[in-house]
$ cat start_14.cif   # mmCIF, N, CA and C atoms
data_start
#
loop_
_atom_site.label_atom_id
_atom_site.label_comp_id
_atom_site.auth_asym_id
_atom_site.auth_seq_id
_atom_site.Cartn_x
_atom_site.Cartn_y
_atom_site.Cartn_z
N MET A 1 -4.97 2.36 -23.93
CA MET A 1 -5.11 1.92 -22.54
C MET A 1 -4.17 0.74 -22.31
N SER A 2 -3.21 0.91 -21.44
CA SER A 2 -2.28 -0.17 -21.15
C SER A 2 -2.06 -0.35 -19.65
N LEU A 3 -2.86 0.33 -18.85
CA LEU A 3 -2.89 0.11 -17.42
C LEU A 3 -4.24 -0.51 -17.11
N TYR A 4 -4.20 -1.72 -16.60
CA TYR A 4 -5.43 -2.44 -16.30
C TYR A 4 -5.57 -2.57 -14.79
N ILE A 5 -6.63 -2.03 -14.26
CA ILE A 5 -6.91 -2.13 -12.83
C ILE A 5 -8.12 -3.05 -12.70
N ASN A 6 -7.85 -4.25 -12.26
CA ASN A 6 -8.87 -5.28 -12.19
C ASN A 6 -9.75 -5.12 -10.96
N SER A 7 -10.91 -5.74 -11.00
CA SER A 7 -11.80 -5.74 -9.84
C SER A 7 -11.11 -6.41 -8.68
N PRO A 8 -11.35 -5.94 -7.47
CA PRO A 8 -10.69 -6.51 -6.30
C PRO A 8 -11.01 -7.99 -6.11
N GLY A 9 -9.93 -8.78 -5.93
CA GLY A 9 -10.09 -10.20 -5.66
C GLY A 9 -10.93 -10.41 -4.41
N TYR A 10 -11.74 -11.39 -4.38
CA TYR A 10 -12.68 -11.78 -3.35
C TYR A 10 -13.80 -10.76 -3.16
N PHE A 11 -13.48 -9.50 -2.91
CA PHE A 11 -14.49 -8.51 -2.56
C PHE A 11 -15.59 -8.41 -3.62
N THR A 12 -15.20 -8.36 -4.88
CA THR A 12 -16.19 -8.25 -5.95
C THR A 12 -17.09 -9.48 -5.99
N ARG A 13 -16.50 -10.64 -5.78
CA ARG A 13 -17.31 -11.87 -5.79
C ARG A 13 -18.29 -11.88 -4.63
N ALA A 14 -17.87 -11.39 -3.48
CA ALA A 14 -18.71 -11.43 -2.29
C ALA A 14 -19.75 -10.30 -2.25
N TYR A 15 -19.38 -9.11 -2.75
CA TYR A 15 -20.24 -7.94 -2.58
C TYR A 15 -20.65 -7.25 -3.87
N GLY A 16 -20.13 -7.70 -4.99
CA GLY A 16 -20.44 -7.07 -6.25
C GLY A 16 -19.50 -5.91 -6.56
N ILE A 17 -19.75 -5.25 -7.65
CA ILE A 17 -18.90 -4.16 -8.11
C ILE A 17 -19.25 -2.88 -7.36
N ASP A 18 -18.25 -2.22 -6.86
CA ASP A 18 -18.42 -0.91 -6.22
C ASP A 18 -18.34 0.12 -7.34
N GLU A 19 -19.47 0.68 -7.72
CA GLU A 19 -19.54 1.56 -8.89
C GLU A 19 -18.64 2.80 -8.77
N ASP A 20 -18.55 3.39 -7.60
CA ASP A 20 -17.72 4.58 -7.44
C ASP A 20 -16.25 4.26 -7.66
N VAL A 21 -15.80 3.16 -7.10
CA VAL A 21 -14.40 2.74 -7.28
C VAL A 21 -14.18 2.31 -8.73
N TYR A 22 -15.15 1.62 -9.30
CA TYR A 22 -15.03 1.19 -10.69
C TYR A 22 -14.85 2.39 -11.62
N LYS A 23 -15.63 3.44 -11.42
CA LYS A 23 -15.53 4.62 -12.27
C LYS A 23 -14.17 5.29 -12.15
N LEU A 24 -13.64 5.36 -10.93
CA LEU A 24 -12.31 5.92 -10.72
C LEU A 24 -11.27 5.10 -11.47
N CYS A 25 -11.30 3.80 -11.29
CA CYS A 25 -10.31 2.92 -11.92
C CYS A 25 -10.43 2.95 -13.44
N ALA A 26 -11.64 2.99 -13.95
CA ALA A 26 -11.85 3.05 -15.40
C ALA A 26 -11.30 4.35 -15.97
N ALA A 27 -11.52 5.46 -15.27
CA ALA A 27 -11.01 6.75 -15.75
C ALA A 27 -9.49 6.76 -15.77
N ILE A 28 -8.87 6.23 -14.72
CA ILE A 28 -7.41 6.16 -14.69
C ILE A 28 -6.90 5.28 -15.82
N SER A 29 -7.47 4.11 -15.95
CA SER A 29 -7.03 3.17 -17.01
C SER A 29 -7.16 3.79 -18.39
N LYS A 30 -8.25 4.49 -18.62
CA LYS A 30 -8.50 5.09 -19.93
C LYS A 30 -7.48 6.17 -20.28
N GLN A 31 -7.02 6.91 -19.28
CA GLN A 31 -6.13 8.05 -19.52
C GLN A 31 -4.65 7.70 -19.52
N ILE A 32 -4.28 6.54 -18.99
CA ILE A 32 -2.87 6.21 -18.81
C ILE A 32 -2.40 5.25 -19.89
N ASP A 33 -1.31 5.64 -20.56
CA ASP A 33 -0.68 4.82 -21.58
C ASP A 33 0.75 4.52 -21.10
N ILE A 34 0.97 3.35 -20.59
CA ILE A 34 2.22 2.99 -19.93
C ILE A 34 3.47 3.29 -20.78
N PRO A 35 3.49 3.05 -22.09
CA PRO A 35 4.69 3.38 -22.85
C PRO A 35 5.10 4.86 -22.81
N ARG A 36 4.22 5.74 -22.34
CA ARG A 36 4.60 7.15 -22.17
C ARG A 36 5.55 7.33 -20.99
N TYR A 37 5.60 6.35 -20.09
CA TYR A 37 6.38 6.45 -18.86
C TYR A 37 7.57 5.50 -18.81
N THR A 38 7.64 4.58 -19.75
CA THR A 38 8.75 3.63 -19.80
C THR A 38 8.85 3.03 -21.20
N ASP A 39 10.05 2.71 -21.58
CA ASP A 39 10.22 1.99 -22.85
C ASP A 39 10.47 0.51 -22.58
N SER A 40 10.29 0.09 -21.33
CA SER A 40 10.54 -1.30 -20.94
C SER A 40 9.29 -2.15 -20.85
N LEU A 41 8.11 -1.52 -20.72
CA LEU A 41 6.86 -2.25 -20.57
C LEU A 41 5.79 -1.69 -21.50
N ASP A 42 4.87 -2.56 -21.88
CA ASP A 42 3.70 -2.14 -22.65
C ASP A 42 2.45 -2.13 -21.78
N THR A 43 2.42 -3.00 -20.77
CA THR A 43 1.22 -3.22 -19.99
C THR A 43 1.55 -3.41 -18.51
N ILE A 44 0.70 -2.84 -17.68
CA ILE A 44 0.74 -3.11 -16.24
C ILE A 44 -0.66 -3.49 -15.80
N GLY A 45 -0.77 -4.61 -15.13
CA GLY A 45 -2.03 -5.06 -14.56
C GLY A 45 -1.95 -5.00 -13.05
N ILE A 46 -2.96 -4.42 -12.44
CA ILE A 46 -3.02 -4.30 -10.98
C ILE A 46 -4.31 -4.96 -10.51
N THR A 47 -4.18 -5.91 -9.58
CA THR A 47 -5.34 -6.56 -9.01
C THR A 47 -5.29 -6.41 -7.49
N PRO A 48 -6.13 -5.56 -6.93
CA PRO A 48 -6.19 -5.43 -5.48
C PRO A 48 -6.77 -6.70 -4.86
N ILE A 49 -6.20 -7.10 -3.74
CA ILE A 49 -6.74 -8.25 -3.00
C ILE A 49 -7.42 -7.70 -1.76
N ILE A 50 -8.73 -7.76 -1.76
CA ILE A 50 -9.51 -7.29 -0.62
C ILE A 50 -10.31 -8.49 -0.11
N ALA A 51 -9.73 -9.17 0.88
CA ALA A 51 -10.30 -10.41 1.39
C ALA A 51 -10.05 -10.49 2.89
N PRO A 52 -10.89 -11.22 3.60
CA PRO A 52 -10.67 -11.42 5.03
C PRO A 52 -9.30 -12.05 5.30
N GLN A 53 -8.70 -11.67 6.40
CA GLN A 53 -7.39 -12.18 6.78
C GLN A 53 -7.38 -13.71 6.83
N SER A 54 -8.48 -14.30 7.27
CA SER A 54 -8.55 -15.77 7.38
C SER A 54 -8.33 -16.44 6.02
N LEU A 55 -8.84 -15.84 4.96
CA LEU A 55 -8.65 -16.42 3.62
C LEU A 55 -7.22 -16.24 3.13
N THR A 56 -6.64 -15.09 3.40
CA THR A 56 -5.26 -14.88 2.95
C THR A 56 -4.30 -15.72 3.80
N ASP A 57 -4.61 -15.92 5.08
CA ASP A 57 -3.79 -16.78 5.93
C ASP A 57 -3.83 -18.23 5.45
N ASP A 58 -4.95 -18.63 4.87
CA ASP A 58 -5.10 -20.00 4.37
C ASP A 58 -4.45 -20.20 3.00
N GLY A 59 -3.81 -19.17 2.49
CA GLY A 59 -3.10 -19.30 1.21
C GLY A 59 -3.90 -18.87 0.00
N MET A 60 -5.13 -18.45 0.21
CA MET A 60 -5.93 -17.97 -0.91
C MET A 60 -5.58 -16.51 -1.15
N TRP A 61 -5.76 -16.04 -2.34
CA TRP A 61 -5.56 -14.64 -2.69
C TRP A 61 -4.13 -14.19 -2.38
N LYS A 62 -3.19 -14.86 -3.02
CA LYS A 62 -1.78 -14.56 -2.78
C LYS A 62 -1.34 -13.31 -3.52
N GLU A 63 -0.41 -12.59 -2.89
CA GLU A 63 0.17 -11.42 -3.53
C GLU A 63 1.10 -11.85 -4.66
N GLU A 64 1.23 -10.97 -5.64
CA GLU A 64 2.13 -11.21 -6.77
C GLU A 64 2.80 -9.89 -7.13
N ARG A 65 4.08 -9.98 -7.41
CA ARG A 65 4.87 -8.82 -7.85
C ARG A 65 5.74 -9.28 -9.01
N ARG A 66 5.20 -9.23 -10.20
CA ARG A 66 5.94 -9.71 -11.36
C ARG A 66 6.13 -8.57 -12.35
N VAL A 67 7.39 -8.29 -12.64
CA VAL A 67 7.75 -7.27 -13.62
C VAL A 67 8.71 -7.93 -14.59
N SER A 68 8.31 -8.05 -15.84
CA SER A 68 9.12 -8.74 -16.84
C SER A 68 9.35 -7.86 -18.06
N THR A 69 10.59 -7.45 -18.23
CA THR A 69 10.91 -6.67 -19.43
C THR A 69 10.95 -7.59 -20.65
N ALA A 70 11.19 -8.87 -20.45
CA ALA A 70 11.19 -9.82 -21.57
C ALA A 70 9.80 -9.92 -22.19
N SER A 71 8.76 -10.02 -21.34
CA SER A 71 7.39 -10.09 -21.86
C SER A 71 6.74 -8.70 -21.93
N ARG A 72 7.47 -7.68 -21.47
CA ARG A 72 7.04 -6.28 -21.53
C ARG A 72 5.75 -6.03 -20.76
N MET A 73 5.63 -6.74 -19.63
CA MET A 73 4.43 -6.56 -18.82
C MET A 73 4.75 -6.70 -17.33
N ALA A 74 3.89 -6.12 -16.53
CA ALA A 74 3.98 -6.27 -15.08
C ALA A 74 2.60 -6.67 -14.57
N SER A 75 2.61 -7.49 -13.53
CA SER A 75 1.38 -7.92 -12.89
C SER A 75 1.59 -7.78 -11.38
N ILE A 76 0.82 -6.91 -10.77
CA ILE A 76 0.97 -6.63 -9.35
C ILE A 76 -0.36 -6.90 -8.65
N SER A 77 -0.33 -7.79 -7.67
CA SER A 77 -1.50 -8.08 -6.83
C SER A 77 -1.07 -7.91 -5.38
N LEU A 78 -1.64 -6.95 -4.71
CA LEU A 78 -1.30 -6.66 -3.32
C LEU A 78 -2.57 -6.64 -2.47
N ARG A 79 -2.39 -6.98 -1.20
CA ARG A 79 -3.51 -6.96 -0.27
C ARG A 79 -3.85 -5.53 0.14
N MET A 80 -5.13 -5.33 0.38
CA MET A 80 -5.62 -4.09 0.97
C MET A 80 -6.31 -4.46 2.28
N ASP A 81 -6.49 -3.48 3.14
CA ASP A 81 -7.13 -3.70 4.43
C ASP A 81 -8.63 -3.98 4.20
N TYR A 82 -9.00 -5.23 4.36
CA TYR A 82 -10.36 -5.67 4.10
C TYR A 82 -11.38 -4.95 4.98
N GLU A 83 -11.14 -4.91 6.28
CA GLU A 83 -12.09 -4.29 7.21
C GLU A 83 -12.27 -2.80 6.92
N ALA A 84 -11.17 -2.10 6.68
CA ALA A 84 -11.25 -0.67 6.39
C ALA A 84 -12.02 -0.42 5.09
N TYR A 85 -11.76 -1.25 4.08
CA TYR A 85 -12.46 -1.09 2.80
C TYR A 85 -13.94 -1.42 2.97
N LEU A 86 -14.23 -2.51 3.63
CA LEU A 86 -15.62 -2.94 3.83
C LEU A 86 -16.42 -1.87 4.56
N ASN A 87 -15.82 -1.23 5.55
CA ASN A 87 -16.52 -0.26 6.38
C ASN A 87 -16.40 1.17 5.87
N GLY A 88 -15.63 1.39 4.81
CA GLY A 88 -15.45 2.73 4.28
C GLY A 88 -16.62 3.20 3.44
N ASN A 89 -16.78 4.53 3.38
CA ASN A 89 -17.79 5.09 2.49
C ASN A 89 -17.18 5.21 1.09
N ALA A 90 -17.93 5.71 0.15
CA ALA A 90 -17.49 5.76 -1.25
C ALA A 90 -16.19 6.53 -1.41
N SER A 91 -16.10 7.70 -0.81
CA SER A 91 -14.87 8.50 -1.00
C SER A 91 -13.68 7.86 -0.29
N GLN A 92 -13.90 7.23 0.85
CA GLN A 92 -12.81 6.53 1.53
C GLN A 92 -12.31 5.35 0.70
N ARG A 93 -13.23 4.63 0.10
CA ARG A 93 -12.84 3.50 -0.75
C ARG A 93 -12.07 3.98 -1.97
N GLN A 94 -12.51 5.07 -2.57
CA GLN A 94 -11.78 5.61 -3.73
C GLN A 94 -10.38 6.04 -3.32
N ALA A 95 -10.25 6.69 -2.19
CA ALA A 95 -8.93 7.11 -1.72
C ALA A 95 -8.04 5.91 -1.43
N MET A 96 -8.61 4.88 -0.83
CA MET A 96 -7.84 3.66 -0.57
C MET A 96 -7.38 3.02 -1.87
N MET A 97 -8.26 2.99 -2.87
CA MET A 97 -7.90 2.40 -4.15
C MET A 97 -6.80 3.20 -4.83
N LEU A 98 -6.92 4.51 -4.80
CA LEU A 98 -5.89 5.36 -5.40
C LEU A 98 -4.53 5.11 -4.74
N GLU A 99 -4.52 5.07 -3.43
CA GLU A 99 -3.28 4.78 -2.69
C GLU A 99 -2.72 3.42 -3.09
N HIS A 100 -3.61 2.45 -3.25
CA HIS A 100 -3.20 1.10 -3.63
C HIS A 100 -2.57 1.08 -5.04
N ILE A 101 -3.19 1.77 -5.96
CA ILE A 101 -2.66 1.83 -7.33
C ILE A 101 -1.26 2.44 -7.32
N LEU A 102 -1.08 3.51 -6.60
CA LEU A 102 0.22 4.16 -6.55
C LEU A 102 1.26 3.27 -5.85
N ARG A 103 0.84 2.55 -4.83
CA ARG A 103 1.76 1.62 -4.16
C ARG A 103 2.21 0.51 -5.12
N ALA A 104 1.28 0.00 -5.91
CA ALA A 104 1.62 -1.04 -6.89
C ALA A 104 2.60 -0.50 -7.93
N LEU A 105 2.38 0.72 -8.38
CA LEU A 105 3.26 1.33 -9.37
C LEU A 105 4.63 1.64 -8.80
N GLN A 106 4.72 1.89 -7.51
CA GLN A 106 6.02 2.09 -6.87
C GLN A 106 6.85 0.82 -6.92
N ILE A 107 6.20 -0.32 -6.85
CA ILE A 107 6.91 -1.59 -6.97
C ILE A 107 7.53 -1.70 -8.37
N VAL A 108 6.77 -1.31 -9.38
CA VAL A 108 7.30 -1.32 -10.75
C VAL A 108 8.50 -0.37 -10.82
N LYS A 109 8.38 0.78 -10.22
CA LYS A 109 9.48 1.75 -10.20
C LYS A 109 10.73 1.15 -9.54
N THR A 110 10.53 0.47 -8.43
CA THR A 110 11.65 -0.15 -7.72
C THR A 110 12.37 -1.16 -8.61
N ARG A 111 11.61 -1.90 -9.39
CA ARG A 111 12.21 -2.92 -10.26
C ARG A 111 12.87 -2.31 -11.50
N LEU A 112 12.26 -1.28 -12.08
CA LEU A 112 12.79 -0.71 -13.33
C LEU A 112 13.76 0.46 -13.09
N LYS A 113 13.75 0.98 -11.90
CA LYS A 113 14.63 2.10 -11.52
C LYS A 113 14.44 3.30 -12.44
N ASP A 114 15.50 3.78 -13.07
CA ASP A 114 15.41 5.00 -13.87
C ASP A 114 14.77 4.78 -15.25
N ARG A 115 14.37 3.56 -15.53
CA ARG A 115 13.68 3.28 -16.80
C ARG A 115 12.17 3.45 -16.69
N PHE A 116 11.71 4.02 -15.56
CA PHE A 116 10.28 4.20 -15.31
C PHE A 116 10.07 5.58 -14.70
N ASP A 117 9.32 6.43 -15.37
CA ASP A 117 9.07 7.79 -14.91
C ASP A 117 7.85 7.79 -13.98
N TYR A 118 8.07 7.29 -12.77
CA TYR A 118 6.99 7.18 -11.79
C TYR A 118 6.42 8.55 -11.46
N LYS A 119 7.26 9.54 -11.30
CA LYS A 119 6.80 10.87 -10.87
C LYS A 119 5.77 11.44 -11.85
N SER A 120 6.05 11.37 -13.14
CA SER A 120 5.09 11.87 -14.14
C SER A 120 3.81 11.04 -14.13
N LEU A 121 3.97 9.73 -14.01
CA LEU A 121 2.80 8.85 -13.96
C LEU A 121 1.94 9.17 -12.75
N GLU A 122 2.56 9.33 -11.60
CA GLU A 122 1.83 9.68 -10.39
C GLU A 122 1.07 10.99 -10.57
N GLN A 123 1.72 12.00 -11.12
CA GLN A 123 1.07 13.29 -11.33
C GLN A 123 -0.12 13.16 -12.27
N ASP A 124 0.03 12.37 -13.33
CA ASP A 124 -1.07 12.19 -14.27
C ASP A 124 -2.25 11.45 -13.62
N ILE A 125 -1.95 10.44 -12.82
CA ILE A 125 -3.01 9.70 -12.12
C ILE A 125 -3.72 10.61 -11.12
N LEU A 126 -2.97 11.39 -10.39
CA LEU A 126 -3.58 12.32 -9.43
C LEU A 126 -4.44 13.36 -10.13
N GLN A 127 -4.02 13.79 -11.31
CA GLN A 127 -4.80 14.75 -12.09
C GLN A 127 -6.15 14.15 -12.49
N VAL A 128 -6.14 12.92 -12.97
CA VAL A 128 -7.38 12.24 -13.35
C VAL A 128 -8.25 12.01 -12.11
N SER A 129 -7.62 11.64 -11.01
CA SER A 129 -8.35 11.27 -9.80
C SER A 129 -9.02 12.45 -9.09
N LYS A 130 -8.50 13.64 -9.29
CA LYS A 130 -9.04 14.79 -8.56
C LYS A 130 -10.51 15.04 -8.89
N HIS A 131 -10.98 14.51 -10.00
CA HIS A 131 -12.38 14.67 -10.38
C HIS A 131 -13.29 13.71 -9.61
N PHE A 132 -12.68 12.77 -8.89
CA PHE A 132 -13.44 11.76 -8.16
C PHE A 132 -13.35 11.92 -6.65
N LEU A 133 -12.27 12.50 -6.18
CA LEU A 133 -12.04 12.57 -4.73
C LEU A 133 -12.46 13.90 -4.15
#
$ encode --input "start_14.cif" --output "C-alpha cells"
Amino acid sequence: MSLYINSPGYFTRAYGIDEDVYKLCAAISKQIDIPRYTDSLDTIGITPIIAPQSLTDDGMWKEERRVSTASRMASISLRMDYEAYLNGNASQRQAMMLEHILRALQIVKTRLKDRFDYKSLEQDILQVSKHFL
C-alpha cells in the first residue's frame, strides 16, 4: 500500500468518519501500489479538504500540490465542495471522493508527465471502485 487517502480535513473533525467513504478509500489504498505506475515515486498522499468556504477564505485548510522525485513522494491536498458533500447521500459522497482522488492523481501526472502511467492507475482505481458505486 503506497497510496494514502487521508480523512477529509475539517469534515472528519466536525462530523466524524463517513464509513461508506472510508471503506471506498481503504479499498483503493489497499489495492494500489504506486511503484507499479511510476519509477519516480514510492508514495502518494491525498488529503481532501472539505470545509466551509469561510474557513478556507480565512487561510485555514490550505491546498497543497507537492510532488518530489528527490524524496520520492507526493502530497496533494485539494478542496472539495463542502455544501455538496455535506448534503450528499452515501453514493454521492463516494462518487465525489472518487472524482477527487482522480483529480489529485492528474496533478501528479501533470508534474511527472510520461514517467507516470495515469491511464492504468485510473483504470485500476475504477475497477476497485465499481464494487462501491
$ closest_residue --input "start_14.cif" --among "A:Tyr82, A:Ile32, A:Pro48, A:Asp18" --to "Ile101 (chain A)" --atoms "only N, CA and C atoms"
A:Pro48
$ select_by_dssp --input "start_14.cif" --residues "region 22-72 of chain A" --states "alpha helix (DSSP H)" --output "list of chain:residue names"
A:Tyr22, A:Lys23, A:Leu24, A:Cys25, A:Ala26, A:Ala27, A:Ile28, A:Ser29, A:Lys30, A:Gln31, A:Gln53, A:Ser54, A:Leu55, A:Thr56, A:Asp57
$ atom_distance --input "start_14.cif" --atom1 "CA of Ile44 (chain A)" --atom2 "CA of Asn89 (chain A)"
27.6 Å
$ resolve_selection --input "start_14.cif" --expression "the PyMOL selection byres ((chain A and resi 51) around 6.5)" --output "PyMOL selection string"
chain A and resi 9-11+49-50+52-56+80-82
$ atom_distance --input "start_14.cif" --atom1 "CA of Ile46 (chain A)" --atom2 "atom C of Thr69 (chain A)"
17.3 Å
$ atom_distance --input "start_14.cif" --atom1 "CA of Arg103 (chain A)" --atom2 "CA of Thr12 (chain A)"
20.6 Å
$ closest_residue --input "start_14.cif" --among "A:Ser7, A:Val21, A:Thr38, A:Asn87" --to "Asp114 (chain A)" --atoms "only N, CA and C atoms"
A:Thr38
$ closest_residue --input "start_14.cif" --among "A:Glu83, A:Asp33, A:Asp117, A:Glu122" --to "Leu102 (chain A)" --atoms "only C-alpha atoms"
A:Glu122
$ select_by_dssp --input "start_14.cif" --residues "chain A" --states "strand (DSSP E)" --output "mmCIF file with N, CA and C atoms, keeping the file's coordinate frame"
data_model
loop_
_atom_site.group_PDB
_atom_site.id
_atom_site.type_symbol
_atom_site.label_atom_id
_atom_site.label_comp_id
_atom_site.auth_asym_id
_atom_site.auth_seq_id
_atom_site.Cartn_x
_atom_site.Cartn_y
_atom_site.Cartn_z
ATOM 1 N N LEU A 3 -2.860 0.330 -18.850
ATOM 2 C CA LEU A 3 -2.890 0.110 -17.420
ATOM 3 C C LEU A 3 -4.240 -0.510 -17.110
ATOM 4 N N TYR A 4 -4.200 -1.720 -16.600
ATOM 5 C CA TYR A 4 -5.430 -2.440 -16.300
ATOM 6 C C TYR A 4 -5.570 -2.570 -14.790
ATOM 7 N N ILE A 5 -6.630 -2.030 -14.260
ATOM 8 C CA ILE A 5 -6.910 -2.130 -12.830
ATOM 9 C C ILE A 5 -8.120 -3.050 -12.700
ATOM 10 N N GLY A 9 -9.930 -8.780 -5.930
ATOM 11 C CA GLY A 9 -10.090 -10.200 -5.660
ATOM 12 C C GLY A 9 -10.930 -10.410 -4.410
ATOM 13 N N TYR A 10 -11.740 -11.390 -4.380
ATOM 14 C CA TYR A 10 -12.680 -11.780 -3.350
ATOM 15 C C TYR A 10 -13.800 -10.760 -3.160
ATOM 16 N N THR A 43 2.420 -3.000 -20.770
ATOM 17 C CA THR A 43 1.220 -3.220 -19.990
ATOM 18 C C THR A 43 1.550 -3.410 -18.510
ATOM 19 N N ILE A 44 0.700 -2.840 -17.680
ATOM 20 C CA ILE A 44 0.740 -3.110 -16.240
ATOM 21 C C ILE A 44 -0.660 -3.490 -15.800
ATOM 22 N N GLY A 45 -0.770 -4.610 -15.130
ATOM 23 C CA GLY A 45 -2.030 -5.060 -14.560
ATOM 24 C C GLY A 45 -1.950 -5.000 -13.050
ATOM 25 N N ILE A 46 -2.960 -4.420 -12.440
ATOM 26 C CA ILE A 46 -3.020 -4.300 -10.980
ATOM 27 C C ILE A 46 -4.310 -4.960 -10.510
ATOM 28 N N THR A 47 -4.180 -5.910 -9.580
ATOM 29 C CA THR A 47 -5.340 -6.560 -9.010
ATOM 30 C C THR A 47 -5.290 -6.410 -7.490
ATOM 31 N N PRO A 48 -6.130 -5.560 -6.930
ATOM 32 C CA PRO A 48 -6.190 -5.430 -5.480
ATOM 33 C C PRO A 48 -6.770 -6.700 -4.860
ATOM 34 N N ILE A 49 -6.200 -7.100 -3.740
ATOM 35 C CA ILE A 49 -6.740 -8.250 -3.000
ATOM 36 C C ILE A 49 -7.420 -7.700 -1.760
ATOM 37 N N ILE A 50 -8.730 -7.760 -1.760
ATOM 38 C CA ILE A 50 -9.510 -7.290 -0.620
ATOM 39 C C ILE A 50 -10.310 -8.490 -0.110
ATOM 40 N N GLU A 64 1.230 -10.970 -5.640
ATOM 41 C CA GLU A 64 2.130 -11.210 -6.770
ATOM 42 C C GLU A 64 2.800 -9.890 -7.130
ATOM 43 N N ARG A 65 4.080 -9.980 -7.410
ATOM 44 C CA ARG A 65 4.870 -8.820 -7.850
ATOM 45 C C ARG A 65 5.740 -9.280 -9.010
ATOM 46 N N ARG A 66 5.200 -9.230 -10.200
ATOM 47 C CA ARG A 66 5.940 -9.710 -11.360
ATOM 48 C C ARG A 66 6.130 -8.570 -12.350
ATOM 49 N N VAL A 67 7.390 -8.290 -12.640
ATOM 50 C CA VAL A 67 7.750 -7.270 -13.620
ATOM 51 C C VAL A 67 8.710 -7.930 -14.590
ATOM 52 N N SER A 68 8.310 -8.050 -15.840
ATOM 53 C CA SER A 68 9.120 -8.740 -16.840
ATOM 54 C C SER A 68 9.350 -7.860 -18.060
ATOM 55 N N MET A 73 5.630 -6.740 -19.630
ATOM 56 C CA MET A 73 4.430 -6.560 -18.820
ATOM 57 C C MET A 73 4.750 -6.700 -17.330
ATOM 58 N N ALA A 74 3.890 -6.120 -16.530
ATOM 59 C CA ALA A 74 3.980 -6.270 -15.080
ATOM 60 C C ALA A 74 2.600 -6.670 -14.570
ATOM 61 N N SER A 75 2.610 -7.490 -13.530
ATOM 62 C CA SER A 75 1.380 -7.920 -12.890
ATOM 63 C C SER A 75 1.590 -7.780 -11.380
ATOM 64 N N ILE A 76 0.820 -6.910 -10.770
ATOM 65 C CA ILE A 76 0.970 -6.630 -9.350
ATOM 66 C C ILE A 76 -0.360 -6.900 -8.650
ATOM 67 N N SER A 77 -0.330 -7.790 -7.670
ATOM 68 C CA SER A 77 -1.500 -8.080 -6.830
ATOM 69 C C SER A 77 -1.070 -7.910 -5.380
ATOM 70 N N LEU A 78 -1.640 -6.950 -4.710
ATOM 71 C CA LEU A 78 -1.300 -6.660 -3.320
ATOM 72 C C LEU A 78 -2.570 -6.640 -2.470
ATOM 73 N N ARG A 79 -2.390 -6.980 -1.200
ATOM 74 C CA ARG A 79 -3.510 -6.960 -0.270
ATOM 75 C C ARG A 79 -3.850 -5.530 0.140
#
$ residues_around --input "start_14.cif" --residues "Glu63 (chain A)" --least-positions-apart "3" --cutoff "8 Å" --atoms "all atoms listed in the file" --output "PDB file with N, CA and C atoms, keeping the file's coordinate frame"
ATOM      1  N   ILE A  49      -6.200  -7.100  -3.740  1.00  0.00           N
ATOM      2  CA  ILE A  49      -6.740  -8.250  -3.000  1.00  0.00           C
ATOM      3  C   ILE A  49      -7.420  -7.700  -1.760  1.00  0.00           C
ATOM      4  N   THR A  56      -6.640 -15.090   3.400  1.00  0.00           N
ATOM      5  CA  THR A  56      -5.260 -14.880   2.950  1.00  0.00           C
ATOM      6  C   THR A  56      -4.300 -15.720   3.800  1.00  0.00           C
ATOM      7  N   GLY A  59      -3.810 -19.170   2.490  1.00  0.00           N
ATOM      8  CA  GLY A  59      -3.100 -19.300   1.210  1.00  0.00           C
ATOM      9  C   GLY A  59      -3.900 -18.870   0.000  1.00  0.00           C
ATOM     10  N   MET A  60      -5.130 -18.450   0.210  1.00  0.00           N
ATOM     11  CA  MET A  60      -5.930 -17.970  -0.910  1.00  0.00           C
ATOM     12  C   MET A  60      -5.580 -16.510  -1.150  1.00  0.00           C
ATOM     13  N   ARG A  66       5.200  -9.230 -10.200  1.00  0.00           N
ATOM     14  CA  ARG A  66       5.940  -9.710 -11.360  1.00  0.00           C
ATOM     15  C   ARG A  66       6.130  -8.570 -12.350  1.00  0.00           C
ATOM     16  N   SER A  75       2.610  -7.490 -13.530  1.00  0.00           N
ATOM     17  CA  SER A  75       1.380  -7.920 -12.890  1.00  0.00           C
ATOM     18  C   SER A  75       1.590  -7.780 -11.380  1.00  0.00           C
ATOM     19  N   ILE A  76       0.820  -6.910 -10.770  1.00  0.00           N
ATOM     20  CA  ILE A  76       0.970  -6.630  -9.350  1.00  0.00           C
ATOM     21  C   ILE A  76      -0.360  -6.900  -8.650  1.00  0.00           C
ATOM     22  N   SER A  77      -0.330  -7.790  -7.670  1.00  0.00           N
ATOM     23  CA  SER A  77      -1.500  -8.080  -6.830  1.00  0.00           C
ATOM     24  C   SER A  77      -1.070  -7.910  -5.380  1.00  0.00           C
ATOM     25  N   LEU A  78      -1.640  -6.950  -4.710  1.00  0.00           N
ATOM     26  CA  LEU A  78      -1.300  -6.660  -3.320  1.00  0.00           C
ATOM     27  C   LEU A  78      -2.570  -6.640  -2.470  1.00  0.00           C
ATOM     28  N   ARG A  79      -2.390  -6.980  -1.200  1.00  0.00           N
ATOM     29  CA  ARG A  79      -3.510  -6.960  -0.270  1.00  0.00           C
ATOM     30  C   ARG A  79      -3.850  -5.530   0.140  1.00  0.00           C
TER      31      ARG A  79
END
